[in-house]
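Colleague: The structure file final.cif (mmCIF, C-alpha atoms and all ligand atoms) is provided below.
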data_entry
#
loop_
_atom_site.label_atom_id
_atom_site.label_comp_id
_atom_site.auth_asym_id
_atom_site.auth_seq_id
_atom_site.Cartn_x
_atom_site.Cartn_y
_atom_site.Cartn_z
CA MET A 1 1.71 21.94 3.56
CA LYS A 2 -0.70 22.28 0.66
CA TYR A 3 -1.64 19.62 -1.87
CA TYR A 4 -2.23 20.09 -5.58
CA SER A 5 -3.92 17.77 -8.07
CA THR A 6 -1.94 15.97 -10.79
CA ASN A 7 -4.67 17.07 -13.23
CA GLY A 8 -4.03 20.71 -12.31
CA LYS A 9 -7.68 21.78 -12.45
CA ALA A 10 -8.76 21.40 -8.81
CA PRO A 11 -8.23 23.96 -6.03
CA ILE A 12 -5.17 23.57 -3.81
CA ALA A 13 -6.15 21.52 -0.74
CA THR A 14 -5.13 21.31 2.90
CA LEU A 15 -3.89 17.97 4.24
CA GLU A 16 -7.20 17.59 6.05
CA LYS A 17 -9.18 17.98 2.84
CA ALA A 18 -6.85 15.72 0.87
CA VAL A 19 -7.20 12.99 3.50
CA VAL A 20 -10.96 13.24 3.94
CA LYS A 21 -11.73 13.59 0.21
CA GLY A 22 -9.10 11.19 -1.16
CA LEU A 23 -9.41 12.19 -4.81
CA ALA A 24 -9.32 15.80 -6.06
CA GLU A 25 -12.40 17.35 -7.72
CA ASP A 26 -10.80 17.00 -11.17
CA ARG A 27 -10.23 13.29 -10.44
CA GLY A 28 -6.49 13.91 -10.19
CA LEU A 29 -4.24 12.60 -7.40
CA TYR A 30 -3.09 14.90 -4.64
CA MET A 31 0.63 15.71 -4.44
CA PRO A 32 2.41 17.65 -1.68
CA GLU A 33 3.57 21.06 -2.94
CA ARG A 34 7.04 20.58 -1.53
CA ILE A 35 9.22 17.59 -0.69
CA LYS A 36 11.60 18.58 2.07
CA PRO A 37 15.11 17.12 1.89
CA LEU A 38 16.29 15.56 5.16
CA PRO A 39 19.60 16.76 6.62
CA GLN A 40 22.84 14.83 6.02
CA SER A 41 23.20 14.38 9.79
CA PHE A 42 20.06 12.20 9.74
CA PHE A 43 21.60 9.84 7.18
CA ASP A 44 25.00 9.87 8.95
CA ASN A 45 23.39 8.49 12.10
CA ILE A 46 20.42 6.58 10.68
CA GLU A 47 21.74 3.10 11.52
CA ASN A 48 21.55 3.97 15.23
CA LEU A 49 17.88 4.96 15.12
CA SER A 50 14.83 2.77 15.67
CA PHE A 51 12.18 2.23 12.97
CA GLN A 52 9.81 4.52 14.86
CA GLU A 53 12.43 7.26 15.26
CA ILE A 54 13.27 7.12 11.56
CA ALA A 55 9.60 7.11 10.58
CA TYR A 56 8.81 10.06 12.81
CA THR A 57 11.57 12.14 11.19
CA VAL A 58 10.17 11.36 7.74
CA ALA A 59 6.57 11.94 8.88
CA GLU A 60 7.56 15.30 10.36
CA ALA A 61 8.81 16.45 6.94
CA PHE A 62 5.46 15.62 5.31
CA PHE A 63 2.93 16.28 8.05
CA GLY A 64 4.73 18.39 10.69
CA GLU A 65 3.10 21.65 9.56
CA ASP A 66 -0.41 20.22 9.84
CA VAL A 67 -0.32 17.87 12.82
CA ASP A 68 1.08 18.83 16.23
CA ALA A 69 4.30 17.05 17.19
CA GLU A 70 2.93 14.99 20.05
CA SER A 71 -0.08 13.72 18.07
CA LEU A 72 2.06 12.93 15.03
CA LYS A 73 4.49 11.00 17.16
CA ASN A 74 1.65 8.99 18.70
CA ILE A 75 0.18 8.27 15.26
CA VAL A 76 3.55 7.07 13.90
CA TYR A 77 4.46 4.96 16.93
CA ASP A 78 1.00 3.43 17.14
CA THR A 79 0.93 2.66 13.39
CA LEU A 80 4.30 0.94 13.46
CA SER A 81 3.68 -1.48 16.29
CA PHE A 82 5.48 -4.23 14.32
CA ASP A 83 8.94 -4.71 12.82
CA VAL A 84 9.96 -4.62 9.15
CA PRO A 85 13.18 -6.63 9.14
CA ALA A 86 15.56 -6.90 6.17
CA VAL A 87 16.33 -10.63 6.05
CA LYS A 88 19.28 -12.16 4.19
CA VAL A 89 18.27 -14.50 1.36
CA THR A 90 21.53 -14.73 -0.63
CA ASP A 91 24.90 -12.96 -0.26
CA ASN A 92 23.69 -9.90 -2.14
CA ILE A 93 19.89 -10.15 -1.98
CA TYR A 94 17.81 -9.26 1.08
CA SER A 95 14.07 -9.45 1.68
CA LEU A 96 12.35 -6.52 3.39
CA GLU A 97 9.57 -8.37 5.19
CA LEU A 98 6.52 -6.14 5.24
CA PHE A 99 4.20 -8.87 6.46
CA HIS A 100 4.56 -8.64 10.23
CA GLY A 101 1.52 -6.38 10.67
CA PRO A 102 -2.04 -7.44 11.57
CA THR A 103 -3.10 -8.56 8.08
CA LEU A 104 0.32 -9.76 6.93
CA ALA A 105 0.73 -7.36 4.00
CA PHE A 106 2.42 -3.98 3.48
CA LYS A 107 -0.94 -2.24 3.13
CA ASP A 108 -1.20 -2.37 6.93
CA VAL A 109 1.26 0.53 7.20
CA GLY A 110 -0.75 2.97 5.10
CA ALA A 111 -4.15 1.81 6.33
CA ARG A 112 -3.20 2.08 10.01
CA PHE A 113 -1.65 5.51 9.50
CA MET A 114 -4.64 6.82 7.60
CA ALA A 115 -7.10 5.57 10.23
CA ARG A 116 -5.24 7.40 12.96
CA LEU A 117 -4.79 10.61 10.97
CA LEU A 118 -8.48 10.67 10.06
CA GLN A 119 -9.38 10.21 13.70
CA TYR A 120 -7.07 13.13 14.58
CA PHE A 121 -8.87 15.46 12.16
CA LEU A 122 -12.31 14.32 13.29
CA LYS A 123 -11.44 14.97 16.92
CA LYS A 124 -10.18 18.43 16.04
CA GLN A 125 -13.40 19.21 14.18
CA GLY A 126 -15.43 17.81 17.08
CA LYS A 127 -17.87 16.51 14.49
CA GLU A 128 -20.08 13.50 14.53
CA GLU A 129 -18.86 10.08 13.49
CA VAL A 130 -17.74 9.32 9.97
CA ASN A 131 -18.46 6.29 7.84
CA VAL A 132 -15.77 4.76 5.66
CA LEU A 133 -16.98 2.86 2.61
CA VAL A 134 -14.48 0.57 0.92
CA ALA A 135 -14.95 -1.88 -1.94
CA THR A 136 -12.46 -4.72 -2.03
CA SER A 137 -11.37 -7.57 -4.23
CA GLY A 138 -9.49 -9.03 -1.24
CA ASP A 139 -6.44 -7.41 0.39
CA THR A 140 -7.50 -3.78 0.64
CA GLY A 141 -10.61 -4.64 2.66
CA SER A 142 -8.65 -6.48 5.32
CA ALA A 143 -5.92 -3.84 5.66
CA VAL A 144 -8.46 -1.00 5.89
CA ALA A 145 -10.82 -2.89 8.23
CA ASN A 146 -7.99 -3.87 10.56
CA GLY A 147 -6.41 -0.42 10.31
CA PHE A 148 -9.64 1.17 11.54
CA LEU A 149 -10.60 -1.57 14.01
CA GLY A 150 -11.60 -0.06 17.33
CA VAL A 151 -10.84 3.52 16.17
CA GLU A 152 -13.39 5.73 17.91
CA GLY A 153 -15.77 7.84 15.84
CA ILE A 154 -15.28 5.83 12.66
CA LYS A 155 -17.46 3.09 11.22
CA VAL A 156 -16.22 0.97 8.34
CA PHE A 157 -18.29 -0.83 5.71
CA VAL A 158 -16.39 -3.32 3.58
CA LEU A 159 -18.19 -4.33 0.40
CA TYR A 160 -16.92 -7.53 -1.18
CA PRO A 161 -18.12 -9.82 -3.96
CA LYS A 162 -19.76 -13.01 -2.69
CA GLY A 163 -17.66 -16.09 -3.38
CA LYS A 164 -14.93 -14.11 -5.19
CA VAL A 165 -12.39 -13.60 -2.41
CA SER A 166 -10.29 -16.35 -0.85
CA PRO A 167 -11.53 -17.81 2.47
CA ILE A 168 -8.45 -16.46 4.27
CA GLN A 169 -9.02 -12.96 2.87
CA GLU A 170 -12.73 -13.11 3.71
CA CYS A 171 -12.21 -13.98 7.37
CA GLN A 172 -9.83 -11.04 7.77
CA PHE A 173 -12.70 -8.57 7.51
CA THR A 174 -15.84 -10.62 8.34
CA THR A 175 -14.80 -11.80 11.82
CA LEU A 176 -13.79 -8.49 13.38
CA GLY A 177 -17.06 -7.10 14.75
CA LYS A 178 -16.82 -3.81 16.70
CA ASN A 179 -16.92 -0.86 14.26
CA ILE A 180 -16.44 -3.03 11.15
CA THR A 181 -19.36 -4.29 9.04
CA ALA A 182 -18.79 -6.63 6.12
CA ILE A 183 -21.28 -6.47 3.28
CA GLU A 184 -21.43 -9.50 1.02
CA VAL A 185 -22.59 -8.32 -2.37
CA ASP A 186 -24.25 -10.71 -4.76
CA GLY A 187 -22.10 -9.66 -7.72
CA VAL A 188 -18.51 -9.00 -8.82
CA PHE A 189 -15.94 -6.46 -7.59
CA ASP A 190 -17.12 -3.84 -10.07
CA ASP A 191 -20.62 -4.03 -8.56
CA CYS A 192 -19.16 -3.32 -5.11
CA GLN A 193 -17.22 -0.38 -6.51
CA ALA A 194 -20.36 0.93 -8.26
CA LEU A 195 -22.38 0.76 -5.01
CA VAL A 196 -19.72 2.77 -3.19
CA LYS A 197 -19.54 5.38 -5.97
CA SER A 198 -23.34 5.71 -6.10
CA ALA A 199 -23.48 6.21 -2.34
CA PHE A 200 -20.92 9.03 -2.57
CA MET A 201 -22.99 10.73 -5.28
CA ASP A 202 -26.39 10.31 -3.59
CA GLU A 203 -27.54 13.52 -1.89
CA GLU A 204 -29.99 11.88 0.49
CA VAL A 205 -27.41 9.42 1.76
CA ASN A 206 -24.84 12.20 2.18
CA SER A 207 -27.18 14.39 4.19
CA HIS A 208 -28.09 11.40 6.33
CA MET A 209 -24.52 10.38 7.17
CA ARG A 210 -20.92 11.55 6.74
CA LEU A 211 -19.07 9.43 4.20
CA THR A 212 -15.39 9.13 3.37
CA SER A 213 -13.29 6.78 1.30
CA ALA A 214 -10.11 4.92 2.22
CA ASN A 215 -9.02 4.45 -1.33
CA SER A 216 -5.38 3.48 -1.87
CA ILE A 217 -4.63 6.72 -3.70
CA ASN A 218 -5.23 8.70 -0.49
CA VAL A 219 -2.11 10.68 0.51
CA ALA A 220 -2.47 9.38 4.07
CA ARG A 221 -2.12 5.83 2.80
CA PHE A 222 0.66 6.37 0.30
CA LEU A 223 3.13 8.81 1.92
CA PRO A 224 3.69 6.71 5.10
CA GLN A 225 4.93 3.85 2.94
CA SER A 226 8.14 5.84 2.47
CA PHE A 227 9.01 5.16 6.15
CA TYR A 228 10.21 1.61 5.60
CA TYR A 229 12.53 2.48 2.71
CA PHE A 230 14.57 4.65 5.09
CA TYR A 231 14.53 1.86 7.65
CA ALA A 232 15.67 -0.65 5.02
CA TYR A 233 18.58 1.64 4.17
CA ALA A 234 19.44 1.93 7.88
CA GLN A 235 19.51 -1.84 8.30
CA MET A 236 21.69 -2.33 5.23
CA LYS A 237 24.02 0.48 6.31
CA LYS A 238 24.45 -1.21 9.68
CA ARG A 239 25.63 -4.30 7.80
CA GLY A 240 28.00 -2.18 5.70
CA LEU A 241 26.04 -3.06 2.55
CA ALA A 242 24.41 0.24 1.64
CA ASP A 243 26.99 1.80 -0.69
CA LYS A 244 25.38 0.62 -3.91
CA LEU A 245 21.90 -0.25 -2.83
CA VAL A 246 19.23 -1.30 -5.34
CA VAL A 247 15.63 -1.50 -4.14
CA CYS A 248 13.18 -3.66 -6.05
CA VAL A 249 9.42 -3.16 -5.58
CA PRO A 250 6.81 -5.66 -6.80
CA SER A 251 4.33 -3.21 -8.32
CA GLY A 252 0.65 -3.10 -9.27
CA ASN A 253 -0.92 0.30 -8.76
CA PHE A 254 2.59 1.76 -8.22
CA GLY A 255 1.75 3.43 -4.91
CA ASN A 256 4.47 1.57 -3.06
CA ILE A 257 7.31 2.41 -5.46
CA CYS A 258 6.03 5.97 -5.71
CA SER A 259 6.57 6.34 -1.95
CA ALA A 260 10.13 5.09 -2.46
CA LEU A 261 10.74 7.74 -5.11
CA PHE A 262 9.51 10.42 -2.71
CA GLY A 263 12.06 9.02 -0.26
CA LYS A 264 14.81 9.36 -2.84
CA ARG A 265 13.77 12.98 -3.43
CA MET A 266 14.21 13.56 0.32
CA GLY A 267 17.78 12.33 0.05
CA LEU A 268 17.52 8.60 0.65
CA PRO A 269 20.82 7.25 -0.76
CA VAL A 270 19.49 4.38 -2.88
CA SER A 271 21.36 3.98 -6.20
CA ARG A 272 18.39 2.90 -8.28
CA PHE A 273 15.00 1.21 -8.21
CA ILE A 274 13.47 -1.68 -10.09
CA ALA A 275 9.71 -2.02 -10.59
CA ALA A 276 8.97 -5.74 -10.85
CA ASN A 277 5.76 -6.65 -12.67
CA ASN A 278 3.89 -9.83 -13.40
CA ALA A 279 2.45 -10.23 -16.92
CA ASN A 280 0.74 -6.84 -16.53
CA ASP A 281 3.53 -4.88 -18.14
CA VAL A 282 2.15 -1.40 -18.91
CA PHE A 283 4.91 0.36 -16.94
CA PHE A 284 7.62 -1.92 -18.30
CA LYS A 285 6.51 -1.01 -21.82
CA TYR A 286 6.43 2.67 -20.89
CA LEU A 287 10.07 2.51 -19.80
CA ALA A 288 11.06 0.82 -23.06
CA THR A 289 9.06 3.05 -25.42
CA GLY A 290 8.08 6.28 -23.65
CA GLU A 291 4.45 5.49 -24.50
CA TYR A 292 1.98 4.91 -21.68
CA SER A 293 -0.75 2.64 -23.03
CA PRO A 294 -3.12 1.29 -20.37
CA LYS A 295 -4.89 -1.95 -21.18
CA PRO A 296 -7.24 -4.39 -19.40
CA SER A 297 -5.47 -6.37 -16.69
CA VAL A 298 -4.79 -10.07 -17.06
CA GLN A 299 -5.19 -12.51 -14.18
CA THR A 300 -1.95 -13.91 -12.69
CA ILE A 301 -0.82 -15.80 -9.58
CA ALA A 302 0.53 -12.50 -8.19
CA ASN A 303 -3.02 -11.17 -8.22
CA ALA A 304 -2.49 -8.02 -6.14
CA MET A 305 -0.45 -6.69 -9.07
CA ASP A 306 -3.06 -7.40 -11.74
CA VAL A 307 -3.44 -3.77 -12.74
CA GLY A 308 -3.70 -2.56 -16.32
CA ASP A 309 -3.80 1.19 -15.67
CA PRO A 310 -1.78 1.91 -12.51
CA SER A 311 -3.25 5.03 -10.92
CA ASN A 312 -0.02 6.21 -9.33
CA PHE A 313 1.69 6.48 -12.70
CA ALA A 314 0.27 10.02 -12.71
CA ARG A 315 2.21 10.79 -9.52
CA ILE A 316 5.50 9.38 -10.81
CA TYR A 317 5.08 11.24 -14.11
CA ASP A 318 4.46 14.48 -12.22
CA LEU A 319 7.34 13.90 -9.77
CA TYR A 320 9.79 13.60 -12.69
CA GLY A 321 8.44 16.62 -14.56
CA LYS A 322 6.86 14.36 -17.21
CA SER A 323 10.34 13.38 -18.41
CA HIS A 324 10.72 9.81 -19.64
CA GLU A 325 14.49 10.19 -19.51
CA ALA A 326 14.44 11.32 -15.86
CA ILE A 327 12.16 8.42 -14.90
CA CYS A 328 14.45 5.93 -16.67
CA SER A 329 17.49 7.31 -14.85
CA ASP A 330 16.06 6.20 -11.48
CA ILE A 331 13.88 3.21 -12.35
CA SER A 332 14.18 0.14 -14.54
CA GLY A 333 11.55 -2.54 -15.01
CA ALA A 334 11.03 -6.28 -15.20
CA THR A 335 8.08 -8.47 -16.14
CA TYR A 336 7.52 -12.16 -15.37
CA SER A 337 5.06 -14.82 -16.46
CA ASP A 338 3.27 -17.07 -13.97
CA GLU A 339 5.65 -19.86 -14.96
CA GLN A 340 8.70 -17.73 -14.16
CA ILE A 341 7.17 -16.68 -10.85
CA ALA A 342 6.50 -20.32 -9.91
CA ASP A 343 10.04 -21.36 -10.97
CA THR A 344 11.48 -18.58 -8.82
CA ILE A 345 9.49 -19.60 -5.74
CA ARG A 346 10.77 -23.18 -6.20
CA GLN A 347 14.38 -22.22 -6.92
CA VAL A 348 14.68 -19.79 -4.02
CA ARG A 349 13.22 -22.35 -1.63
CA ASN A 350 15.46 -25.14 -2.89
CA SER A 351 18.69 -23.13 -2.88
CA THR A 352 18.16 -20.99 0.24
CA GLY A 353 15.20 -22.36 2.22
CA TYR A 354 13.42 -18.98 1.95
CA VAL A 355 9.78 -19.04 0.86
CA CYS A 356 8.70 -16.05 -1.26
CA ASP A 357 5.10 -15.17 -1.96
CA PRO A 358 4.23 -14.74 -5.67
CA HIS A 359 4.68 -10.94 -5.50
CA GLY A 360 7.98 -11.01 -3.64
CA ALA A 361 9.19 -13.67 -6.09
CA CYS A 362 8.94 -11.12 -8.92
CA GLY A 363 11.12 -8.82 -6.82
CA PHE A 364 13.74 -11.47 -6.08
CA LYS A 365 13.92 -12.53 -9.72
CA ALA A 366 14.40 -8.96 -10.95
CA LEU A 367 17.35 -8.52 -8.57
CA GLU A 368 18.87 -11.87 -9.46
CA MET A 369 18.72 -10.93 -13.15
CA GLY A 370 19.50 -7.24 -12.82
CA LEU A 371 22.10 -6.66 -10.08
CA ARG A 372 25.44 -5.38 -11.38
CA GLN A 373 28.93 -5.94 -9.98
CA GLY A 374 29.21 -4.56 -6.43
CA GLU A 375 25.51 -3.83 -6.02
CA VAL A 376 23.40 -5.20 -3.17
CA GLY A 377 19.66 -5.58 -3.59
CA VAL A 378 16.65 -5.42 -1.28
CA PHE A 379 13.29 -6.61 -2.58
CA LEU A 380 10.02 -5.95 -0.81
CA GLU A 381 8.27 -9.06 0.45
CA THR A 382 4.86 -7.38 0.22
CA ALA A 383 2.78 -10.14 1.84
CA HIS A 384 3.26 -13.36 3.77
CA PRO A 385 3.29 -16.44 1.48
CA ALA A 386 0.55 -18.07 3.59
CA LYS A 387 -1.88 -15.44 2.29
CA PHE A 388 -1.54 -17.26 -1.03
CA LYS A 389 -1.35 -20.70 0.51
CA ASP A 390 -3.15 -22.64 -2.23
CA THR A 391 -0.89 -21.21 -4.96
CA VAL A 392 2.35 -21.56 -3.01
CA ASP A 393 1.54 -25.08 -1.76
CA LYS A 394 0.82 -26.22 -5.28
CA ILE A 395 4.10 -24.75 -6.57
CA LEU A 396 6.20 -26.25 -3.76
CA GLY A 397 4.28 -29.53 -3.48
CA ASP A 398 4.20 -28.89 0.23
CA SER A 399 1.99 -27.40 2.91
CA ILE A 400 3.40 -24.14 4.26
CA GLU A 401 2.65 -23.17 7.81
CA ILE A 402 -0.07 -20.62 8.58
CA PRO A 403 1.19 -18.03 11.09
CA ALA A 404 -0.76 -17.87 14.36
CA LYS A 405 -1.98 -14.35 13.59
CA LEU A 406 -3.58 -15.53 10.35
CA ALA A 407 -4.97 -18.69 11.93
CA ALA A 408 -6.64 -16.57 14.63
CA PHE A 409 -8.75 -14.80 11.99
CA MET A 410 -9.83 -18.16 10.63
CA LYS A 411 -11.19 -19.21 14.02
CA GLY A 412 -13.48 -16.18 14.34
CA GLU A 413 -17.15 -16.30 13.51
CA LYS A 414 -18.01 -14.93 10.09
CA GLN A 415 -20.59 -12.15 10.13
CA SER A 416 -21.77 -10.28 7.08
CA VAL A 417 -24.78 -8.47 5.72
CA PRO A 418 -26.10 -10.01 2.50
CA MET A 419 -26.74 -7.39 -0.18
CA SER A 420 -27.99 -7.40 -3.77
CA SER A 421 -26.04 -5.41 -6.34
CA ARG A 422 -28.91 -2.88 -6.70
CA PHE A 423 -28.24 0.57 -5.28
CA GLU A 424 -31.84 0.90 -3.96
CA ASP A 425 -31.13 -1.95 -1.55
CA PHE A 426 -27.76 -0.58 -0.40
CA LYS A 427 -29.28 2.88 0.02
CA ALA A 428 -32.14 1.50 2.13
CA PHE A 429 -29.56 -0.21 4.32
CA LEU A 430 -27.56 3.02 4.80
CA MET A 431 -30.65 5.18 5.41
CA ALA A 432 -31.79 2.80 8.17
CA LEU A 433 -28.53 3.23 10.11
C1 LIG B 501 -1.17 -4.11 -3.23
C2 LIG B 501 -0.09 -5.13 -3.37
C3 LIG B 501 1.00 -4.99 -4.28
C4 LIG B 501 1.08 -3.81 -5.24
O1 LIG B 501 1.37 -2.60 -4.60
P1 LIG B 501 1.15 -1.22 -5.36
O2 LIG B 501 1.39 -0.17 -4.36
O3 LIG B 501 -0.28 -1.24 -5.84
O4 LIG B 501 2.10 -1.19 -6.50
C5 LIG B 501 1.99 -5.94 -4.28
N1 LIG B 501 1.94 -7.02 -3.49
C6 LIG B 501 0.92 -7.21 -2.62
C7 LIG B 501 0.91 -8.43 -1.78
C8 LIG B 501 -0.12 -6.28 -2.52
O5 LIG B 501 -1.15 -6.50 -1.66
#
Can you give me the file's structure in the form of structure tokens?
Ligand SMILES: *Cc1c(COP(=O)(O)O)cnc(C)c1O
Modeller:
Amino acid sequence: MKYYSTNGKAPIATLEKAVVKGLAEDRGLYMPERIKPLPQSFFDNIENLSFQEIAYTVAEAFFGEDVDAESLKNIVYDTLSFDVPAVKVTDNIYSLELFHGPTLAFKDVGARFMARLLQYFLKKQGKEEVNVLVATSGDTGSAVANGFLGVEGIKVFVLYPKGKVSPIQECQFTTLGKNITAIEVDGVFDDCQALVKSAFMDEEVNSHMRLTSANSINVARFLPQSFYYFYAYAQMKKRGLADKLVVCVPSGNFGNICSALFGKRMGLPVSRFIAANNANDVFFKYLATGEYSPKPSVQTIANAMDVGDPSNFARIYDLYGKSHEAICSDISGATYSDEQIADTIRQVRNSTGYVCDPHGACGFKALEMGLRQGEVGVFLETAHPAKFKDTVDKILGDSIEIPAKLAAFMKGEKQSVPMSSRFEDFKAFLMAL
């Protein structure tokens, strides 16, 4: 399979190049040249298959030409070492819990898959080790660090802004050791991002060491997210509730919902999708007006969706042949204020006992408001509520339990390398490795 750039000015790339490079030369996003429909027999029998079996079938359609069957199977099975259950919240609303992985957020799926695929290509090349640089404002760092933890031949450097990430987030990438190094930058997130970009552009650094990025727009992080939409359908079909299925995705950079739309193109029988936003409503406005007008993000309590110019919009636009009408026929939108998100978390807890995180709450609310007669909805619970413990506790006037997996990170010893925000200092650090 070959990959083209959404900007149309970069050479066609192999999967290997698309994964190692991340972004195309023209700064566009890579797209697979073909999306293979899955056979009807797969959907007829899907409720009898395991998550791993379903995921392997989907992975085969994307990656089967470029990765041998046995290796691909190992990568898929190893990535999905945890369940993604669809849990009943009300009679017609279910929560797809994507927080049972190592860092308790959906980004585990893509990060783990990418780490293993990168390792596969490195082994094939027989080349020296590769260094992954990633700047994080919180969740990406932990998913990438944990995804690559213990993966041979790969070293990861997580750059994060000192004092600007929550203590729970910080311990998820500073306590790991092994092949993970946390770098605590005296600055803000943009400084971290600038250090990473400068390193990629610096010739001396690049001749000294092999660098790669694990950015969220990487095809190896975004395509595997389609796996769990098929599994959600299978679980709902087993319950006899899949005839008019609506899937609602709390969205920020729109990578997650984009994977769902790829799934639909492969034949996944979901009636329609809802993109649930917080106050950052650029996509919502696009649906209403046909105008895409990016703007600076505003801070909300669903902070992983605070995005003012979602990068995967380019992929959705391309997938639907740049047609606003076609996009609107598959996707509708919703946007909620912090107050509405907090009210939803309280209401859902009081009426059902289920605790949503602030992102999932946007998803629940959009289904509650938007489901039509006879439809059943599944929203993605994109992270465990305990990852946002301070916010959720304040809203519920309660202290929610921290899962053992999360508590274990908090017991580890924090280790990080202090760094100024000047590139000279970061470069000296890299050149001494
Ligand atoms: C990253 C993230 C999102 C947004 O996902 P996109 O793919 O960027 O749309 C939503 N919720 C949580 C908890 C996240 O970490």
Colleague: To check your reading of the model: which residues sit at most 7 Å from ligand LIG 501 (chain B) when counting all atoms listed in the file? Write the answer as a ChimeraX atom specification.
Modeller: /A:105-107,139,250-257,304-305,359,382-383
Colleague: Can those selected residues be exported to a file as an mmCIF file, in the frame of the given file so that it contains C-alpha atoms?
Modeller:
data_model
loop_
_atom_site.group_PDB
_atom_site.id
_atom_site.type_symbol
_atom_site.label_atom_id
_atom_site.label_comp_id
_atom_site.auth_asym_id
_atom_site.auth_seq_id
_atom_site.Cartn_x
_atom_site.Cartn_y
_atom_site.Cartn_z
ATOM 1 C CA ALA A 105 0.730 -7.360 4.000
ATOM 2 C CA PHE A 106 2.420 -3.980 3.480
ATOM 3 C CA LYS A 107 -0.940 -2.240 3.130
ATOM 4 C CA ASP A 139 -6.440 -7.410 0.390
ATOM 5 C CA PRO A 250 6.810 -5.660 -6.800
ATOM 6 C CA SER A 251 4.330 -3.210 -8.320
ATOM 7 C CA GLY A 252 0.650 -3.100 -9.270
ATOM 8 C CA ASN A 253 -0.920 0.300 -8.760
ATOM 9 C CA PHE A 254 2.590 1.760 -8.220
ATOM 10 C CA GLY A 255 1.750 3.430 -4.910
ATOM 11 C CA ASN A 256 4.470 1.570 -3.060
ATOM 12 C CA ILE A 257 7.310 2.410 -5.460
ATOM 13 C CA ALA A 304 -2.490 -8.020 -6.140
ATOM 14 C CA MET A 305 -0.450 -6.690 -9.070
ATOM 15 C CA HIS A 359 4.680 -10.940 -5.500
ATOM 16 C CA THR A 382 4.860 -7.380 0.220
ATOM 17 C CA ALA A 383 2.780 -10.140 1.840
#
Colleague: Taking the point (10.5, -12.4, -8.3) as given in the file, collect each protein or nucleic acid residue that comes within 10 Å of it, counting all atoms listed in the file, and present the set as number ranges by chain.
Modeller: A: 248-250, 276-278, 302, 334-336, 340-345, 348, 356-369, 379-381
Colleague: Measuring between all atoms listed in the file, which one of A:Pro32, A:His208, A:Val378, A:Glu203 shows the shortest distance to Ala432 in chain A?
Modeller: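 Looking only at the distances to Ala432 in chain A, the closest residue turns out to be A:His208.
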Colleague: Could you tell me how far CA of Leu98 in chain A lies from CA of Phe313 in chain A, in Å and to one decimal?
Modeller: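 Separation of CA of Leu98 in chain A and CA of Phe313 in chain A: 22.5 Å.
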Colleague: Can you pull out every residue within 9 Å of Val19 in chain A, counting only C-alpha atoms, but drop anything in the same chain fewer than 2 positions away, and send it as a PyMOL selection string?
Modeller: chain A and resi 14-17+21-23+114+117-118+213-214+218-221
Colleague: Those residues with C-alpha atoms, as an mmCIF file, in the frame of the given file please?
Modeller:
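Output saved as out33.cif:
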data_model
loop_
_atom_site.group_PDB
_atom_site.id
_atom_site.type_symbol
_atom_site.label_atom_id
_atom_site.label_comp_id
_atom_site.auth_asym_id
_atom_site.auth_seq_id
_atom_site.Cartn_x
_atom_site.Cartn_y
_atom_site.Cartn_z
ATOM 1 C CA THR A 14 -5.130 21.310 2.900
ATOM 2 C CA LEU A 15 -3.890 17.970 4.240
ATOM 3 C CA GLU A 16 -7.200 17.590 6.050
ATOM 4 C CA LYS A 17 -9.180 17.980 2.840
ATOM 5 C CA LYS A 21 -11.730 13.590 0.210
ATOM 6 C CA GLY A 22 -9.100 11.190 -1.160
ATOM 7 C CA LEU A 23 -9.410 12.190 -4.810
ATOM 8 C CA MET A 114 -4.640 6.820 7.600
ATOM 9 C CA LEU A 117 -4.790 10.610 10.970
ATOM 10 C CA LEU A 118 -8.480 10.670 10.060
ATOM 11 C CA SER A 213 -13.290 6.780 1.300
ATOM 12 C CA ALA A 214 -10.110 4.920 2.220
ATOM 13 C CA ASN A 218 -5.230 8.700 -0.490
ATOM 14 C CA VAL A 219 -2.110 10.680 0.510
ATOM 15 C CA ALA A 220 -2.470 9.380 4.070
ATOM 16 C CA ARG A 221 -2.120 5.830 2.800
#
Colleague: Pick out the closest residue to Ser95 in chain A from this set: A:Val247, A:Ala428, A:Ala288, A:Ala314. Count all atoms listed in the file.
Modeller: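 Among A:Val247, A:Ala428, A:Ala288, A:Ala314, it is A:Val247 that comes nearest to Ser95 in chain A.
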Colleague: Using all atoms listed in the file, which residues sit within 12 Å of Leu29 in chain A once same-chain residues fewer than 2 positions away are excluded, as an NGL selection string?
Modeller: :A and (3-10 or 12-13 or 18-19 or 21-27 or 31-32 or 215-219 or 222 or 255 or 311-319)
Colleague: Residues at most 9 Å from range 169-179 of chain A, counting all atoms listed in the file, excluding those fewer than 6 positions away in the same chain, as a ChimeraX atom specification?
Modeller: /A:103,138-139,141-146,148-158,160,387,406,409-416
Colleague: Write out as a list of chain:residue names each polymer residue whose atoms come within 8 Å of Thr352 in chain A, counting all atoms listed in the file; drop sequence neighbours fewer than 3 positions from it.
Modeller: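 The residues that qualify are A:Val89, A:Thr90, A:Val348, A:Arg349.
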